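Chemist: Input: one structure, supplied below.
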Amino acid sequence: MSTVYTDDIGAKIGSIFRNASLVQARQYSGCEALELEEMDDNYELGKVISRQMTLIVISGAEMTILFKIHFNSSECDQLRRLKFRDQSTDEELAVAKTVDFMKEFTNQICGRICRIFQRNELALGMCIPLSMRGWYELHADYTKRDDILKKFGHAWRVKGDFGSFTCTAYVEINKPADVANLQYVDDPVSNDDGELEFL
Amino acid sequence: LSQNNELLACYKVFSLLEAASDNAEAMLDSMPGAMVVLNQDLRVIRANNEFSKLSGCTIETVLGFDFTSLFSPENKATLLRQLASMKSEGQPNKPVNFELEIVPPKESLARQYYWQASVVGVKKSAEGELISISGKDLTDLYQSEMKLKNIFSNLPLGMLMIDSEGKIQEVLSQFSEVLFNRKELVGVSFVSLFESTKTGQDREVIDGLKNLACCFGMNKNQYANVEHSFPRVIEIGGVATTQDRWISINYQPILKLGRIEGFILLIEDATESIHAKKEMERVSELERQIQTVYEAAIRDPLTGLYTRLFMKDSLKSLISNFHRGRIEELSVLMMDVDHFKTVNDTYGHKIGDRLLSEVGKIILKQVRETDIAIRFGGEEFLIILPSNFSDMTSGKVLAERIRMEVEKYELKIGSGEHVKITISGGVSWCGKQENIDHAIERADSFLYLAKRRGRNCIVTETDR
């Protein structure tokens, strides 16, 4: 199951995440030929999908989101090379560069999500991105907590000529009423890639 | 600014954690041997480089690889049984070790692996119960072992491993079965192989073999004291023949932590070498006997001088060397004890023999190794002197010395009575073209002249 809860809030948030990831992916890589794809029915959160993984936690009083991108460096390296016109052949360095590339990409998607929530008057903060091996997904804790009112997960793929990467998001909502009327209001068009200066 | 500083601090901590994680993962990737973590469907969720290569995948595409696809249907069943045994009752999550062959997708030949599997303790994972498996490639080891086994099997050498009870634990070469004419040797008491032979064995041999079992647990020094009691060569019954056979045994103790925990016995069929040794001993005995007979034939037992039989053999090579110029001069001495018949008649043959024996000793004392001294007749002696100088004096000098020594000698015959004798001699020189027999004849004629001149003197060619 790609979606644990499919009620209105869950569906709305899932839609926001999917759109944000696709728009940001196109904008970041400069590749327009990207599209969304849903996961297979037998998928469930916590399964190991890829060799690499980046993650960010977005949190606020109303909700907490654990956002991850699962990817193989051999595929996403093509996106990176497309963006930076990199033709170097050092494979080991390419893996490190791709991991950094995907960390920044995760950062940008989560920044976009935060701004969308901000326009809905939900102030959320996010941590800096962290990379790790994909099989660390085994240690993700998706156990139910009684003090959380709503929780659900989403998983989707962004695919293109390069291959694909998978995004997963696990959402815990503490104040369902505050997020009931969420609207997808995207950023105005800008040339800025949105990279953080301190990184 | 404060918020930025906090973010920077977090960034640094995360960077450290990422680097540590990367290093740990890189170590796992390059770990020797194959390593995988499997989910509940036995599909790969983590593999190192060696396993990825083995599966024909990359380190990325190996994810989700069906681990069981490496095994033949039969071996797959064994694998599943082994993995299921980890969950056996009473011993939950017990690690298992097993050897099982795989056929890698991109290789035509099977590879033998030693696997170690254990359950990974990650709770409530979406992947279900995880199993960590590491494998060590034993293919090269197996091939080496096979090679060695082939070599051992074809060696004409028996190789047995003996356990602490003195029983045959392992037969390392097929030749062992040929040696003992038995098919099933494993589990058989080594000593019993000899007790049952039709020839029977000495008590010492059996006791020596029984000592083998007493050596277990001994250190090297203790073993050194017992080692000598082991029989090295043992006679065993013939194989399907009446001919007796011998084996030689080399005892090789196997030490563990300085203590003997087993023996390897190297057994050789020594029949041929024993036969050869016996044959050599027989030949040497024959040679010794022939030498004794020959010595008896060429040595006069009374005087110790050569006999006339030896004269023929020795003169042949002497004359040959003389003619080839290797010898410059050949002197011929003919000597005879004066009035020996009277001595014999007066004192008896016993005294006569004693006197002849003493003359022989005197002659032997005076001649060189290269000279040939012969008892030519009853009391007549012939001495041939080869020399590298042609001074025509050495013959006379030697003859005079012998004459004077004989003259000085007194034989005590009891009650203060002494017997004295003298000796006369003739000396000739053999010419290069001359026959030695003529030189002997001339020496004899000079001896006759010496007798006529009153005896106890020497006459040479220059004295006539």
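So you can find residues: chains in the structure tokens are A, B, ... in the order shown, residues in each start at 1, and ligands are numbered from 1 in order.
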Mind listing as a PyMOL selection string which residues of chain A are within 6 Å of chain B, counting only C-alpha atoms?
Modeler: chain A and resi 46-47+51+138
Chemist: Neighbouring residues of Glu261 (chain B) were defined as those with any atom within 6 Å, considering only C-alpha atoms; residues of the same chain fewer than 4 positions away were excluded. Please report them as a PyMOL selection string.
Modeler: chain B and resi 216+254-255
Chemist: Just list the residues in region 141-336 of chain B DSSP gives alpha helix (DSSP H) on the backbone, as a PyMOL selection string.
Modeler: chain B and resi 141-154+175-180+192-195+203-214+220-227+271-298+308-323
Chemist: Can you tell me which residues surround Lys136 (chain B) at a distance of at most 10 Å, considering only C-alpha atoms, apart from same-chain residues fewer than 3 positions away, and format the answer as a compact mmCIF listing (two decimals) with N, CA and C atoms, in the first residue's frame?
Modeler:
# COMPACT_ATOMS: atom_id res chain seq x y z
N PRO B 32 36.25 -9.44 2.76
CA PRO B 32 36.55 -10.65 1.98
C PRO B 32 35.46 -11.70 2.15
N GLY B 33 35.19 -12.42 1.11
CA GLY B 33 34.11 -13.41 1.14
C GLY B 33 32.79 -12.75 0.76
N ALA B 34 31.79 -13.59 0.56
CA ALA B 34 30.48 -13.07 0.17
C ALA B 34 29.68 -12.76 1.43
N MET B 35 28.97 -11.62 1.42
CA MET B 35 28.15 -11.25 2.57
C MET B 35 26.82 -10.71 2.06
N GLU B 99 28.33 -26.30 4.38
CA GLU B 99 29.01 -26.20 3.08
C GLU B 99 27.99 -26.51 2.00
N GLN B 112 32.30 -24.16 -4.52
CA GLN B 112 31.98 -24.69 -3.20
C GLN B 112 32.13 -23.58 -2.17
N TYR B 113 31.12 -23.37 -1.38
CA TYR B 113 31.17 -22.31 -0.38
C TYR B 113 30.89 -22.86 1.01
N TYR B 114 31.52 -22.21 1.97
CA TYR B 114 31.21 -22.50 3.37
C TYR B 114 30.39 -21.32 3.88
N TRP B 115 29.15 -21.60 4.28
CA TRP B 115 28.22 -20.54 4.66
C TRP B 115 28.02 -20.49 6.17
N GLN B 116 27.86 -19.26 6.65
CA GLN B 116 27.50 -19.06 8.07
C GLN B 116 26.28 -18.14 8.08
N THR B 139 36.41 -23.21 -3.15
CA THR B 139 36.66 -23.92 -4.41
C THR B 139 38.14 -24.25 -4.61
Chemist: What lies within 8 Å of His70 (chain A) using only C-alpha atoms, ignoring chain neighbours under 3 positions off, as a list in words?
Modeler: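 My reading of the contact set: Ile49, Ser50, Arg51, Gln52, Met53, Thr54, Gly134, Phe165, Thr166, Cys167 and Thr168 of chain A.
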Chemist: Can you work out which one of A:Thr64, A:Ser131, A:Thr89, A:Ser29 has the shortest atom-to-atom distance to Gly153 (chain A), counting only C-alpha atoms?
Modeler: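 Closest to Gly153 (chain A) of all the choices is A:Thr64.
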Chemist: Leaving out Glu107 (chain B) and any residue of its chain fewer than 5 positions from it, which residues lie within 12 Å of it when counting only C-alpha atoms, given as a ChimeraX atom specification?
Modeler: /B:53-56,70,102
Chemist: Within 12 Å of Asn225 (chain B), counting only C-alpha atoms, which residues show up once you throw out same-chain ones fewer than 6 positions away? Write them as a PDB file with C-alpha atoms, in the first residue's frame, please.
Modeler:
ATOM      1  CA  ASN B 211      52.954 -48.043  22.353  1.00  0.00           C
ATOM      2  CA  CYS B 214      50.095 -44.534  24.666  1.00  0.00           C
ATOM      3  CA  CYS B 215      51.666 -41.471  23.012  1.00  0.00           C
ATOM      4  CA  MET B 218      52.399 -36.521  25.130  1.00  0.00           C
ATOM      5  CA  ASN B 219      54.618 -33.539  24.370  1.00  0.00           C
TER       6      ASN B 219
END
Chemist: Between CA of Gln108 (chain A) and CA of Ala180 (chain A), what is the distance, to one decimal in Å?
Modeler: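 We find that CA of Gln108 (chain A) and CA of Ala180 (chain A) lie 24.8 Å from each other.
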Chemist: Do a neighbour search on region 369-375 of chain B at 10 Å with only C-alpha atoms, toss out local chain neighbours closer than 4 positions, and write the hits as a ChimeraX atom specification.
Modeler: /B:298-300,302-311,314-315,318,330-336,356,360,363-364,379-387
